[in-house]
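Visitor: This is the content of structure_14.cif (mmCIF, C-alpha atoms and all ligand atoms):
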data_structure
loop_
_atom_site.label_atom_id
_atom_site.label_comp_id
_atom_site.auth_asym_id
_atom_site.auth_seq_id
_atom_site.Cartn_x
_atom_site.Cartn_y
_atom_site.Cartn_z
CA MET A 1 -26.10 -20.57 -10.55
CA THR A 2 -24.10 -21.88 -13.51
CA SER A 3 -23.77 -25.52 -14.54
CA THR A 4 -21.95 -28.26 -12.67
CA LEU A 5 -18.20 -27.85 -12.20
CA ALA A 6 -16.05 -29.77 -14.67
CA VAL A 7 -14.17 -31.40 -11.77
CA HIS A 8 -17.55 -32.89 -10.80
CA GLY A 9 -18.27 -34.14 -14.31
CA GLY A 10 -19.98 -31.01 -15.67
CA GLU A 11 -19.42 -29.37 -19.03
CA PRO A 12 -16.14 -27.39 -18.96
CA VAL A 13 -16.24 -23.66 -19.76
CA ARG A 14 -13.90 -24.33 -22.63
CA ARG A 15 -13.05 -27.33 -24.79
CA ARG A 16 -11.16 -25.51 -27.56
CA PRO A 17 -7.42 -25.08 -27.14
CA PHE A 18 -5.85 -21.63 -26.78
CA PRO A 19 -3.47 -20.51 -29.57
CA SER A 20 -0.58 -22.93 -29.93
CA TRP A 21 3.02 -21.90 -29.41
CA PRO A 22 5.42 -21.20 -31.07
CA ILE A 23 3.88 -19.06 -33.78
CA TRP A 24 5.67 -19.25 -37.12
CA ASP A 25 4.95 -18.77 -40.81
CA GLN A 26 6.73 -18.41 -44.12
CA ARG A 27 9.08 -15.82 -42.57
CA GLU A 28 10.83 -18.46 -40.45
CA ILE A 29 10.91 -20.94 -43.34
CA ASP A 30 12.44 -18.36 -45.71
CA ALA A 31 14.98 -17.24 -43.11
CA VAL A 32 16.19 -20.77 -42.41
CA THR A 33 16.18 -21.68 -46.12
CA GLU A 34 18.41 -18.70 -46.87
CA VAL A 35 20.95 -19.83 -44.26
CA ILE A 36 20.86 -23.44 -45.43
CA ARG A 37 21.46 -22.36 -49.03
CA SER A 38 24.32 -20.08 -47.98
CA GLY A 39 26.26 -23.01 -46.52
CA ASP A 40 27.18 -20.79 -43.52
CA TRP A 41 25.25 -22.49 -40.76
CA GLY A 42 27.54 -21.75 -37.87
CA GLY A 43 30.15 -19.00 -38.05
CA ILE A 44 32.60 -17.77 -35.45
CA PRO A 45 30.33 -15.89 -34.87
CA GLY A 46 28.02 -16.01 -37.88
CA THR A 47 26.71 -12.98 -39.73
CA LYS A 48 23.10 -13.74 -38.74
CA CYS A 49 24.15 -14.01 -35.09
CA ARG A 50 25.81 -10.60 -35.27
CA GLU A 51 22.85 -9.10 -37.12
CA PHE A 52 20.36 -10.51 -34.63
CA ALA A 53 22.35 -9.47 -31.56
CA ALA A 54 22.75 -5.90 -32.85
CA HIS A 55 19.04 -5.67 -33.69
CA PHE A 56 17.99 -7.14 -30.33
CA ALA A 57 20.31 -4.72 -28.46
CA ARG A 58 18.83 -1.71 -30.29
CA LEU A 59 15.33 -2.91 -29.48
CA HIS A 60 16.22 -2.80 -25.77
CA ASP A 61 18.17 0.47 -25.92
CA ALA A 62 21.48 -1.27 -25.25
CA ALA A 63 24.67 -0.48 -27.15
CA TYR A 64 25.93 -4.07 -27.58
CA GLY A 65 24.48 -7.56 -27.95
CA VAL A 66 26.14 -10.97 -27.94
CA ALA A 67 24.17 -13.99 -29.18
CA VAL A 68 24.73 -17.11 -27.10
CA MET A 69 23.41 -20.67 -27.00
CA ASN A 70 20.87 -20.32 -24.17
CA GLY A 71 19.76 -18.15 -21.27
CA THR A 72 21.66 -20.13 -18.65
CA THR A 73 25.00 -19.63 -20.37
CA ALA A 74 24.09 -15.97 -20.99
CA LEU A 75 23.77 -15.53 -17.20
CA GLN A 76 26.90 -17.55 -16.46
CA VAL A 77 29.02 -15.57 -18.92
CA ALA A 78 27.59 -12.24 -17.73
CA LEU A 79 28.46 -13.13 -14.12
CA ARG A 80 31.95 -14.19 -15.14
CA ALA A 81 32.44 -10.98 -17.11
CA VAL A 82 31.87 -8.90 -13.96
CA GLY A 83 34.41 -11.01 -12.09
CA VAL A 84 32.26 -13.52 -10.18
CA GLY A 85 34.39 -16.48 -9.13
CA PRO A 86 34.79 -19.15 -6.46
CA GLY A 87 33.54 -18.13 -3.02
CA ASP A 88 31.84 -14.93 -4.20
CA GLU A 89 28.23 -14.37 -3.24
CA VAL A 90 25.53 -13.65 -5.81
CA ILE A 91 22.11 -12.46 -4.63
CA VAL A 92 19.17 -13.95 -6.54
CA PRO A 93 15.41 -13.83 -5.87
CA ALA A 94 13.80 -16.77 -4.10
CA LEU A 95 11.22 -17.07 -6.89
CA THR A 96 12.74 -17.84 -10.27
CA TRP A 97 13.85 -20.73 -12.45
CA ILE A 98 16.76 -22.80 -11.19
CA ALA A 99 19.05 -21.44 -13.94
CA THR A 100 19.37 -18.12 -12.07
CA PRO A 101 21.19 -19.54 -9.03
CA GLN A 102 22.84 -22.28 -11.08
CA ALA A 103 24.63 -19.74 -13.27
CA ALA A 104 26.43 -18.52 -10.14
CA LEU A 105 27.05 -22.04 -8.83
CA TYR A 106 28.73 -23.09 -12.09
CA LEU A 107 31.38 -20.44 -11.31
CA GLY A 108 31.96 -21.79 -7.79
CA ALA A 109 30.05 -18.85 -6.32
CA ILE A 110 27.40 -19.03 -3.60
CA ALA A 111 23.77 -18.17 -4.39
CA VAL A 112 22.15 -16.05 -1.67
CA PHE A 113 18.36 -16.02 -1.85
CA CYS A 114 16.49 -12.75 -1.39
CA ASP A 115 12.79 -12.66 -0.55
CA VAL A 116 10.31 -11.14 -2.98
CA GLU A 117 7.54 -8.53 -2.83
CA PRO A 118 4.09 -10.00 -2.08
CA ASP A 119 2.36 -7.91 -4.73
CA THR A 120 4.84 -8.15 -7.68
CA PHE A 121 6.53 -11.53 -6.95
CA ASN A 122 9.83 -9.77 -7.85
CA LEU A 123 12.98 -9.39 -5.74
CA ASP A 124 12.28 -7.07 -2.79
CA PRO A 125 14.90 -4.28 -2.90
CA SER A 126 14.25 -3.36 0.74
CA ARG A 127 15.75 -6.72 1.81
CA LEU A 128 18.95 -6.41 -0.21
CA GLU A 129 21.17 -4.46 2.18
CA SER A 130 20.85 -7.03 4.95
CA LEU A 131 22.14 -9.71 2.56
CA ILE A 132 25.20 -7.84 1.32
CA THR A 133 28.56 -8.95 2.75
CA GLU A 134 32.14 -8.24 1.76
CA ARG A 135 31.90 -11.30 -0.52
CA THR A 136 28.87 -10.07 -2.50
CA ARG A 137 29.85 -9.56 -6.13
CA ALA A 138 26.54 -9.34 -7.98
CA ILE A 139 22.78 -9.02 -7.70
CA VAL A 140 20.62 -10.81 -10.29
CA PRO A 141 17.09 -9.39 -10.35
CA VAL A 142 14.68 -11.48 -12.42
CA HIS A 143 11.87 -9.68 -14.27
CA LEU A 144 9.53 -12.50 -13.32
CA GLY A 145 6.85 -13.31 -15.85
CA GLY A 146 7.94 -10.22 -17.82
CA LEU A 147 7.12 -7.65 -15.09
CA PRO A 148 10.25 -5.51 -14.57
CA ALA A 149 11.71 -5.65 -11.05
CA HIS A 150 12.26 -2.29 -9.30
CA LEU A 151 15.44 -1.39 -11.16
CA ASP A 152 15.96 2.05 -9.57
CA ALA A 153 15.93 0.69 -6.03
CA ILE A 154 18.07 -2.34 -6.90
CA LEU A 155 20.65 -0.27 -8.79
CA ALA A 156 20.83 2.25 -5.93
CA VAL A 157 21.78 -0.48 -3.43
CA ALA A 158 24.21 -2.07 -5.90
CA ARG A 159 25.98 1.24 -6.61
CA LYS A 160 26.22 2.09 -2.93
CA HIS A 161 28.02 -1.20 -2.26
CA GLY A 162 30.03 -1.45 -5.50
CA VAL A 163 28.18 -4.61 -6.57
CA ALA A 164 27.35 -5.53 -10.19
CA VAL A 165 23.78 -5.98 -11.45
CA ILE A 166 22.98 -8.66 -14.02
CA GLU A 167 19.34 -8.49 -15.13
CA ASP A 168 17.80 -11.89 -15.75
CA CYS A 169 15.49 -10.99 -18.65
CA ALA A 170 14.59 -14.56 -19.62
CA HIS A 171 10.87 -13.64 -19.29
CA ALA A 172 11.00 -10.01 -20.32
CA HIS A 173 11.66 -9.55 -24.05
CA GLY A 174 10.60 -6.05 -25.04
CA ALA A 175 9.67 -4.98 -21.49
CA GLN A 176 10.56 -1.45 -20.42
CA TRP A 177 11.32 0.43 -17.24
CA LYS A 178 10.75 4.22 -17.57
CA GLY A 179 10.53 3.83 -21.33
CA ARG A 180 13.91 2.10 -21.65
CA GLY A 181 14.41 -1.57 -22.43
CA VAL A 182 15.17 -4.09 -19.71
CA GLY A 183 18.65 -5.54 -20.02
CA SER A 184 20.08 -2.06 -20.59
CA TRP A 185 19.87 -0.94 -16.95
CA GLY A 186 22.24 -3.27 -15.16
CA ASP A 187 25.87 -3.95 -16.07
CA LEU A 188 24.56 -6.71 -18.33
CA GLY A 189 21.23 -8.32 -19.21
CA ALA A 190 20.67 -12.00 -20.07
CA PHE A 191 17.80 -13.28 -22.27
CA SER A 192 16.57 -16.76 -23.18
CA PHE A 193 14.96 -17.93 -26.43
CA GLN A 194 14.06 -21.41 -25.22
CA GLN A 195 10.91 -22.91 -26.79
CA SER A 196 8.33 -21.43 -24.41
CA LYS A 197 9.74 -17.87 -24.47
CA VAL A 198 7.97 -15.03 -26.29
CA ILE A 199 10.46 -15.18 -29.12
CA THR A 200 12.17 -18.50 -29.65
CA SER A 201 14.61 -20.50 -31.72
CA GLY A 202 14.01 -23.68 -29.74
CA GLU A 203 17.06 -22.82 -27.63
CA GLY A 204 19.07 -19.60 -27.63
CA GLY A 205 20.14 -16.60 -25.62
CA CYS A 206 21.54 -13.08 -25.80
CA ILE A 207 23.61 -10.85 -23.53
CA LEU A 208 23.13 -7.06 -23.65
CA THR A 209 25.29 -4.29 -22.23
CA ASN A 210 26.22 -0.65 -22.70
CA ASP A 211 29.85 -1.28 -21.76
CA ARG A 212 32.18 -1.95 -24.66
CA HIS A 213 34.71 -3.86 -22.59
CA LEU A 214 32.03 -6.15 -21.10
CA ALA A 215 30.61 -6.74 -24.59
CA GLU A 216 34.01 -7.69 -26.02
CA LEU A 217 34.77 -9.87 -23.01
CA CYS A 218 31.43 -11.74 -23.28
CA ALA A 219 31.85 -12.18 -27.04
CA SER A 220 35.29 -13.65 -26.43
CA LEU A 221 34.18 -15.83 -23.50
CA ILE A 222 31.46 -17.50 -25.58
CA ASN A 223 33.77 -17.93 -28.57
CA CYS A 224 36.62 -20.01 -27.09
CA GLY A 225 38.50 -16.87 -25.97
CA ARG A 226 38.96 -15.54 -29.51
CA ILE A 227 39.71 -11.86 -29.93
CA GLN A 228 38.23 -10.16 -33.01
CA PRO A 229 40.19 -7.63 -35.10
CA GLU A 230 37.76 -4.87 -34.09
CA ASP A 231 38.16 -5.51 -30.35
CA GLN A 232 39.80 -2.62 -28.51
CA THR A 233 39.62 -3.40 -24.83
CA LEU A 234 40.90 -6.95 -24.35
CA SER A 235 44.49 -7.18 -23.21
CA GLU A 236 44.67 -10.93 -22.75
CA HIS A 237 43.00 -14.05 -24.19
CA PRO A 238 40.21 -15.08 -21.82
CA PHE A 239 39.76 -18.73 -20.91
CA GLY A 240 36.60 -19.14 -22.93
CA TYR A 241 33.86 -21.64 -23.69
CA ASN A 242 32.12 -22.56 -26.92
CA PHE A 243 28.67 -21.18 -26.13
CA ARG A 244 27.97 -19.88 -29.65
CA LEU A 245 24.51 -19.74 -31.20
CA THR A 246 24.17 -21.02 -34.79
CA ASP A 247 23.16 -18.86 -37.73
CA LEU A 248 20.19 -21.18 -38.31
CA GLN A 249 18.84 -20.18 -34.89
CA ALA A 250 19.70 -16.49 -35.35
CA ALA A 251 17.78 -16.49 -38.64
CA VAL A 252 14.70 -17.89 -36.89
CA LEU A 253 15.06 -15.24 -34.19
CA LEU A 254 15.27 -12.44 -36.77
CA ALA A 255 11.99 -13.71 -38.23
CA GLN A 256 10.43 -14.02 -34.76
CA LEU A 257 11.40 -10.42 -33.98
CA THR A 258 9.23 -9.16 -36.82
CA ARG A 259 6.10 -10.04 -34.82
CA LEU A 260 7.33 -9.32 -31.27
CA GLU A 261 5.74 -5.85 -31.20
CA GLU A 262 2.35 -7.07 -32.44
CA LEU A 263 2.25 -10.03 -30.04
CA THR A 264 3.41 -7.96 -27.06
CA THR A 265 0.66 -5.42 -27.73
CA ARG A 266 -1.96 -8.18 -27.98
CA ARG A 267 -0.81 -9.80 -24.74
CA ALA A 268 -0.82 -6.47 -22.93
CA ALA A 269 -4.38 -5.64 -24.07
CA ASN A 270 -5.67 -9.05 -23.00
CA ALA A 271 -3.80 -8.84 -19.70
CA GLN A 272 -5.46 -5.49 -19.03
CA LEU A 273 -8.84 -7.09 -19.67
CA LEU A 274 -7.98 -9.92 -17.26
CA ASP A 275 -6.76 -7.45 -14.62
CA GLN A 276 -10.06 -5.63 -14.85
CA GLU A 277 -12.37 -8.65 -14.91
CA LEU A 278 -10.53 -11.08 -12.63
CA GLY A 279 -9.93 -8.20 -10.23
CA ARG A 280 -13.70 -7.99 -9.66
CA ILE A 281 -13.79 -11.55 -8.27
CA PRO A 282 -13.29 -11.56 -4.49
CA GLY A 283 -10.10 -13.53 -3.75
CA ILE A 284 -8.25 -12.70 -6.98
CA THR A 285 -5.91 -9.70 -7.11
CA PRO A 286 -3.84 -8.70 -10.14
CA LEU A 287 -0.18 -7.89 -9.49
CA ARG A 288 0.85 -4.31 -8.68
CA ARG A 289 2.49 -2.52 -11.54
CA ASP A 290 4.94 0.19 -10.52
CA PRO A 291 4.35 3.43 -12.48
CA SER A 292 7.94 3.11 -13.79
CA VAL A 293 6.95 -0.09 -15.63
CA THR A 294 6.10 1.34 -19.03
CA ARG A 295 5.89 -2.00 -20.80
CA GLN A 296 5.29 -5.50 -19.50
CA ALA A 297 6.16 -8.61 -21.53
CA TYR A 298 3.61 -11.04 -19.99
CA TYR A 299 5.55 -14.24 -20.53
CA ILE A 300 3.46 -15.36 -17.56
CA TYR A 301 0.26 -13.69 -16.32
CA HIS A 302 0.49 -13.94 -12.53
CA VAL A 303 -2.26 -13.20 -10.03
CA ARG A 304 -2.59 -13.46 -6.24
CA TYR A 305 -5.20 -15.85 -4.96
CA ASP A 306 -6.72 -15.55 -1.51
CA PRO A 307 -8.54 -18.70 -0.28
CA ALA A 308 -10.69 -16.49 2.00
CA GLY A 309 -12.39 -14.99 -1.06
CA PHE A 310 -13.36 -18.53 -2.16
CA GLY A 311 -14.81 -19.76 1.14
CA GLY A 312 -11.50 -21.40 2.12
CA LEU A 313 -10.90 -23.21 -1.19
CA SER A 314 -7.16 -23.80 -1.42
CA ARG A 315 -5.13 -22.31 -4.25
CA ASP A 316 -4.16 -25.79 -5.45
CA ASP A 317 -7.79 -26.95 -5.61
CA PHE A 318 -8.80 -23.75 -7.40
CA CYS A 319 -6.01 -24.37 -9.91
CA LYS A 320 -7.14 -27.98 -10.51
CA ALA A 321 -10.70 -26.76 -11.04
CA MET A 322 -9.50 -24.15 -13.58
CA VAL A 323 -7.59 -26.79 -15.54
CA ALA A 324 -10.70 -29.00 -15.54
CA GLU A 325 -12.67 -26.04 -16.96
CA GLY A 326 -10.19 -25.95 -19.88
CA ILE A 327 -7.98 -23.08 -18.65
CA PRO A 328 -4.18 -23.57 -18.56
CA CYS A 329 -3.30 -22.54 -15.02
CA ALA A 330 -0.42 -23.48 -12.73
CA THR A 331 0.74 -22.86 -9.21
CA VAL A 332 4.15 -21.24 -8.81
CA ARG A 333 5.34 -23.89 -6.35
CA GLY A 334 8.26 -24.95 -8.55
CA GLN A 335 9.60 -21.41 -8.72
CA LEU A 336 10.62 -21.44 -5.05
CA VAL A 337 14.07 -22.45 -6.18
CA TYR A 338 15.81 -23.05 -2.87
CA ARG A 339 13.32 -25.88 -2.22
CA ASN A 340 14.78 -27.70 -5.23
CA PRO A 341 16.44 -30.92 -4.03
CA LEU A 342 19.72 -29.48 -5.29
CA PHE A 343 19.82 -27.07 -2.35
CA GLY A 344 18.41 -28.96 0.57
CA ALA A 345 17.62 -32.43 1.74
CA ASN A 346 18.54 -34.27 -1.42
CA PRO A 347 16.67 -37.58 -1.53
CA LEU A 348 19.42 -39.20 -3.56
CA ARG A 349 22.18 -38.23 -1.13
CA GLY A 350 20.57 -38.48 2.28
CA ALA A 351 20.33 -35.06 3.86
CA SER A 352 23.21 -33.17 2.32
CA ALA A 353 23.14 -30.66 -0.52
CA VAL A 354 25.02 -31.49 -3.69
CA ILE A 355 26.53 -28.11 -4.25
CA PRO A 356 30.22 -27.84 -3.52
CA GLY A 357 31.46 -24.56 -2.04
CA PRO A 358 35.01 -23.32 -1.59
CA ASN A 359 34.96 -24.79 1.96
CA GLY A 360 32.86 -27.93 1.41
CA PRO A 361 29.18 -28.31 0.47
CA VAL A 362 27.13 -25.18 1.03
CA ASP A 363 24.29 -25.71 3.48
CA TYR A 364 21.08 -24.08 2.27
CA SER A 365 18.86 -25.88 4.77
CA GLU A 366 18.35 -22.71 6.85
CA THR A 367 17.23 -20.62 3.87
CA TYR A 368 13.69 -19.37 4.41
CA CYS A 369 11.98 -16.51 2.57
CA PRO A 370 8.49 -16.15 4.11
CA VAL A 371 6.88 -14.07 1.36
CA ALA A 372 8.13 -16.35 -1.41
CA GLU A 373 6.95 -19.38 0.64
CA GLU A 374 3.46 -17.90 0.91
CA ILE A 375 3.28 -17.17 -2.83
CA ALA A 376 4.65 -20.59 -3.77
CA THR A 377 2.47 -22.61 -1.44
CA ARG A 378 -0.77 -20.63 -1.01
CA THR A 379 -1.33 -17.58 -3.21
CA GLY A 380 0.57 -17.50 -6.50
CA LEU A 381 -1.14 -18.48 -9.76
CA ALA A 382 0.31 -18.45 -13.27
CA ILE A 383 -1.34 -18.42 -16.69
CA PRO A 384 1.00 -18.94 -19.66
CA GLN A 385 1.57 -16.28 -22.33
CA TYR A 386 -0.16 -18.08 -25.19
CA VAL A 387 -3.53 -17.72 -23.42
CA LEU A 388 -3.12 -13.95 -23.88
CA LEU A 389 -2.69 -14.41 -27.63
CA GLY A 390 -6.33 -15.37 -28.13
CA THR A 391 -9.26 -13.09 -28.87
CA GLU A 392 -11.07 -11.15 -26.14
CA GLU A 393 -13.69 -13.92 -26.13
CA ASP A 394 -10.97 -16.55 -25.57
CA VAL A 395 -9.54 -14.58 -22.69
CA LEU A 396 -12.96 -14.02 -21.15
CA ASP A 397 -13.22 -17.80 -20.78
CA VAL A 398 -10.56 -17.47 -18.08
CA VAL A 399 -12.88 -15.06 -16.26
CA ARG A 400 -15.95 -17.26 -16.82
CA ALA A 401 -14.13 -20.26 -15.37
CA ALA A 402 -12.91 -18.32 -12.33
CA ARG A 403 -16.44 -16.94 -11.71
CA LYS A 404 -17.97 -20.39 -12.06
CA ILE A 405 -15.54 -21.82 -9.50
CA HIS A 406 -16.21 -18.85 -7.23
CA GLU A 407 -19.94 -19.58 -7.32
CA HIS A 408 -19.38 -23.27 -6.57
CA ALA A 409 -16.43 -22.86 -4.21
CA ARG A 410 -18.27 -24.16 -1.14
CA GLU A 411 -19.04 -27.46 -2.89
CA LEU A 412 -15.35 -27.94 -3.58
CA VAL A 413 -14.36 -27.13 -0.03
CA THR A 414 -16.92 -29.50 1.48
CA THR A 415 -16.30 -32.34 -0.94
CA GLY A 416 -12.55 -31.74 -0.79
CA SER A 417 -12.15 -32.36 -4.53
C1 LIG A 501 14.15 -16.82 -15.04
C2 LIG A 501 14.97 -17.67 -15.97
N1 LIG A 501 16.29 -17.45 -16.05
C3 LIG A 501 17.07 -18.17 -16.87
C4 LIG A 501 16.55 -19.16 -17.68
C5 LIG A 501 17.47 -19.99 -18.50
O1 LIG A 501 17.22 -19.97 -19.86
P1 LIG A 501 17.54 -21.24 -20.78
O2 LIG A 501 16.48 -22.25 -20.56
O3 LIG A 501 17.53 -20.64 -22.15
O4 LIG A 501 18.89 -21.74 -20.41
C6 LIG A 501 15.17 -19.41 -17.65
C7 LIG A 501 14.58 -20.44 -18.51
O5 LIG A 501 13.44 -20.76 -18.50
C8 LIG A 501 14.36 -18.65 -16.78
O6 LIG A 501 13.03 -18.87 -16.68
#
Can you present the structure in this file as structure tokens?

Guide:
Amino acid sequence: MTSTLAVHGGEPVRRRPFPSWPIWDQREIDAVTEVIRSGDWGGIPGTKCREFAAHFARLHDAAYGVAVMNGTTALQVALRAVGVGPGDEVIVPALTWIATPQAALYLGAIAVFCDVEPDTFNLDPSRLESLITERTRAIVPVHLGGLPAHLDAILAVARKHGVAVIEDCAHAHGAQWKGRGVGSWGDLGAFSFQQSKVITSGEGGCILTNDRHLAELCASLINCGRIQPEDQTLSEHPFGYNFRLTDLQAAVLLAQLTRLEELTTRRAANAQLLDQELGRIPGITPLRRDPSVTRQAYYIYHVRYDPAGFGGLSRDDFCKAMVAEGIPCATVRGQLVYRNPLFGANPLRGASAVIPGPNGPVDYSETYCPVAEEIATRTGLAIPQYVLLGTEEDVLDVVRAARKIHEHARELVTTGS
């Protein structure tokens, strides 16, 4: 039997921090210095923005890239480009960040929540058809945590019903499905470079597509409706926004890209080690990886927790015990987006939802996705990407902590702490 649990005052498995994020070095400093010295910090769009977007598109096997100020606006613009407007329905997974449904809501559309698969946490394609109506305009699969959603099955349903697919790739930089980059499978793909993402410029985003017209339309929409001399497919000036990225941010992203490959490989190797070692502990099951997933980004390392394997210890208490042992670990409760006060009983407005629809506020109070509920409230656990950037020894601390809690689980259940 190992030493006393840290939640009971014992020595934690780990006191040292895991690698800090973001990672940067002289490359970022030189890149930003060059832009500052050039005097071209913005641009309409800037040369660094164009260079970055083209490079990022190539990296994901897409023909075109458009740099944009964040992942939320990337999604919003992508949805608008495929014609989503007031009263249209957009299907999104029940587990994601709130930006996914919000991007549709900003356009006056209605977010329709689709349940997820219990063993991948991603949108369940088998549930899509029952959600499609004559008002459905788009499906937005999220590659949650960097694990690609089942693109073949989702695209098959979308094509059958003439519905667009916008891939939410905010977690999935560099991930691949059947050897081809995510973001290049749907009509468009939307990425985020917010601070916690696996490449970052503090804030930032990018839209990818293989369709020249959609690329020109998105570039115009984020640039106040401007049409560039090289544009060939735009016949009218779109009613645009200013959602441009700056060249200072694009320069940082170009520097960050130089280590994406190395960091992705390190995360994948450490994730494999965790799959193998955590998978031996009764009550912890790594996620299923479809054979078509040829590369995973591991923005989040998710596992399924079963209280039965830990003598009835709840997921939340296990998570608290892991944090006490020095392991960054979180539940995925907050990812059950339709439980956000925005959609349901909003404490600031009595019982009604805030979201206006074409015929009055949309009522989401009946929305219920049982699999996503189970993951959010009982079984889903998340470890952030920077943990996977440590050495094998660092990562094995995660396993040591989980084993220690497993051995002491009954004490936690009986004491209730
Ligand atoms: C799944 C998902 N989609 C979209 C976004 C939005 O990206 P941003 O924060 O850059 O607006 C995020 C951000 O965390 C996200 O997690």

Visitor: What residues of the protein or nucleic acid chains come within 6 Å of ligand LIG 501 (chain A) when you use only C-alpha atoms and all ligand atoms? Reply as a list of chain:residue names.

Guide: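 So, counting only C-alpha atoms and all ligand atoms, the residues near ligand LIG 501 (chain A) are A:Asn70, A:Gly71, A:Thr72, A:Thr96, A:Trp97, A:Ala99, A:Thr100, A:Val142, A:Asp168, A:Ala170, A:Ser192, A:Phe193, A:Gln194, A:Glu203, A:Gly204, A:Gly205.
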
Visitor: Taking all atoms listed in the file into account, which of A:Ile222, A:Pro141, A:Pro229, A:Met322 comes nearest Trp185 of chain A?

Guide: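 Between A:Ile222, A:Pro141, A:Pro229, A:Met322, the residue approaching Trp185 of chain A most closely is A:Pro141.
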
Visitor: Ranking A:Leu253, A:Val165, A:Ala271, A:Val140 by minimum distance to Lys48 of chain A and counting only C-alpha atoms, which one comes first?

Guide: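 Closest candidate: A:Leu253.
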
Visitor: Rounded to one decimal in Å, what is the spacing between atom CA of Ala138 of chain A and atom CA of Leu75 of chain A?

Guide: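 Between these atoms lies a distance of 11.4 Å.
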
Visitor: To one decimal in Å, tell me the separation between atom CA of Asn210 of chain A and atom CA of Ala62 of chain A.

Guide: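 That distance, rounded to one decimal, is 5.4 Å.
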
Visitor: Atom CA of Cys49 of chain A and atom CA of Arg37 of chain A, how far apart in Å?

Guide: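 Separation of atom CA of Arg37 of chain A and atom CA of Cys49 of chain A: 16.5 Å.
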
Visitor: Go through A:Ala103, A:Ile154, A:Val198, A:Ala149 and flag the residue nearest Asp119 of chain A, using only C-alpha atoms for the distances.

Guide: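 Selected residue with least distance to Asp119 of chain A: A:Ala149.
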
Visitor: Would you pick out the contacts of Trp21 of chain A at 10 Å or less, using all atoms listed in the file, so that residues sharing its chain but fewer than 3 positions from it are not included, and give the list as a list of chain:residue names?

Guide: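 The residues that qualify are A:Phe18, A:Trp24, A:Gln195, A:Ser196, A:Lys197, A:Val198, A:Thr200, A:Gln385, A:Tyr386, A:Val387, A:Leu389.
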
Visitor: May I have the selected residues written with C-alpha atoms, as a PDB file, keeping the file's coordinate frame?

Guide:
ATOM      1  CA  PHE A  18      -5.850 -21.630 -26.780  1.00  0.00           C
ATOM      2  CA  TRP A  24       5.670 -19.250 -37.120  1.00  0.00           C
ATOM      3  CA  GLN A 195      10.910 -22.910 -26.790  1.00  0.00           C
ATOM      4  CA  SER A 196       8.330 -21.430 -24.410  1.00  0.00           C
ATOM      5  CA  LYS A 197       9.740 -17.870 -24.470  1.00  0.00           C
ATOM      6  CA  VAL A 198       7.970 -15.030 -26.290  1.00  0.00           C
ATOM      7  CA  THR A 200      12.170 -18.500 -29.650  1.00  0.00           C
ATOM      8  CA  GLN A 385       1.570 -16.280 -22.330  1.00  0.00           C
ATOM      9  CA  TYR A 386      -0.160 -18.080 -25.190  1.00  0.00           C
ATOM     10  CA  VAL A 387      -3.530 -17.720 -23.420  1.00  0.00           C
ATOM     11  CA  LEU A 389      -2.690 -14.410 -27.630  1.00  0.00           C
TER      12      LEU A 389
END

Visitor: For Gly380 of chain A, please output as JSON, numbers by chain all residues within 9 Å (counting all atoms listed in the file; exclusion window: fewer than 3 positions along the same chain).

Guide: {"A": [121, 302, 303, 304, 305, 315, 330, 331, 332, 333, 374, 375, 376, 377]}

Visitor: Select, from A:Leu147, A:Leu381, A:Val157, A:Leu342, the residue with the minimum atom-to-atom distance to Arg289 of chain A, counting all atoms listed in the file.

Guide: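 For Arg289 of chain A, the nearest of the candidates is A:Leu147.
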
Visitor: Which residue gives the smallest distance to Ala104 of chain A among A:Gly174, A:Pro86, A:Gly225, A:Gly186, with only C-alpha atoms counted?

Guide: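 So, comparing all the options, the nearest one is A:Pro86.
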
Visitor: Measuring between all atoms listed in the file, which one of A:Pro238, A:Cys369, A:Pro307, A:Leu388 shows the shortest distance to Ser20 of chain A?

Guide: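 Counting all atoms listed in the file, the residue closest to Ser20 of chain A is A:Leu388.
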
Visitor: Counting only C-alpha atoms, write as a list in words all protein and nucleic acid residues lying at most 10 Å from (30.3, -22.9, -23.8) in the file's frame.

Guide: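 Those residues, ordered by chain and then number, are Val68, Met69, Asn70, Thr73, Ala74, Gln76, Val77, Leu221, Ile222, Asn223, Cys224, Gly240, Tyr241, Asn242, Phe243, Arg244 and Leu245 of chain A.
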
Visitor: Excluding Glu373 of chain A and its own-chain neighbours fewer than 6 positions away, which residues fall within 10 Å of it when counting all atoms listed in the file? Please give them as a PyMOL selection string.

Guide: chain A and resi 94-95+115-116+333+335-336+339+379-380

Visitor: With only C-alpha atoms counted, which protein, DNA or RNA residues have an atom no more than 8 Å from (-8.8, -12.6, -3.9) in the file frame? Please answer as an MDAnalysis selection string.

Guide: chainID A and resid 279 281:285 304:310

Visitor: Neighbours of Val90 of chain A within 6 Å (all atoms listed in the file; same-chain residues fewer than 6 positions away dropped), as a ChimeraX atom specification?

Guide: /A:111-112,136-139
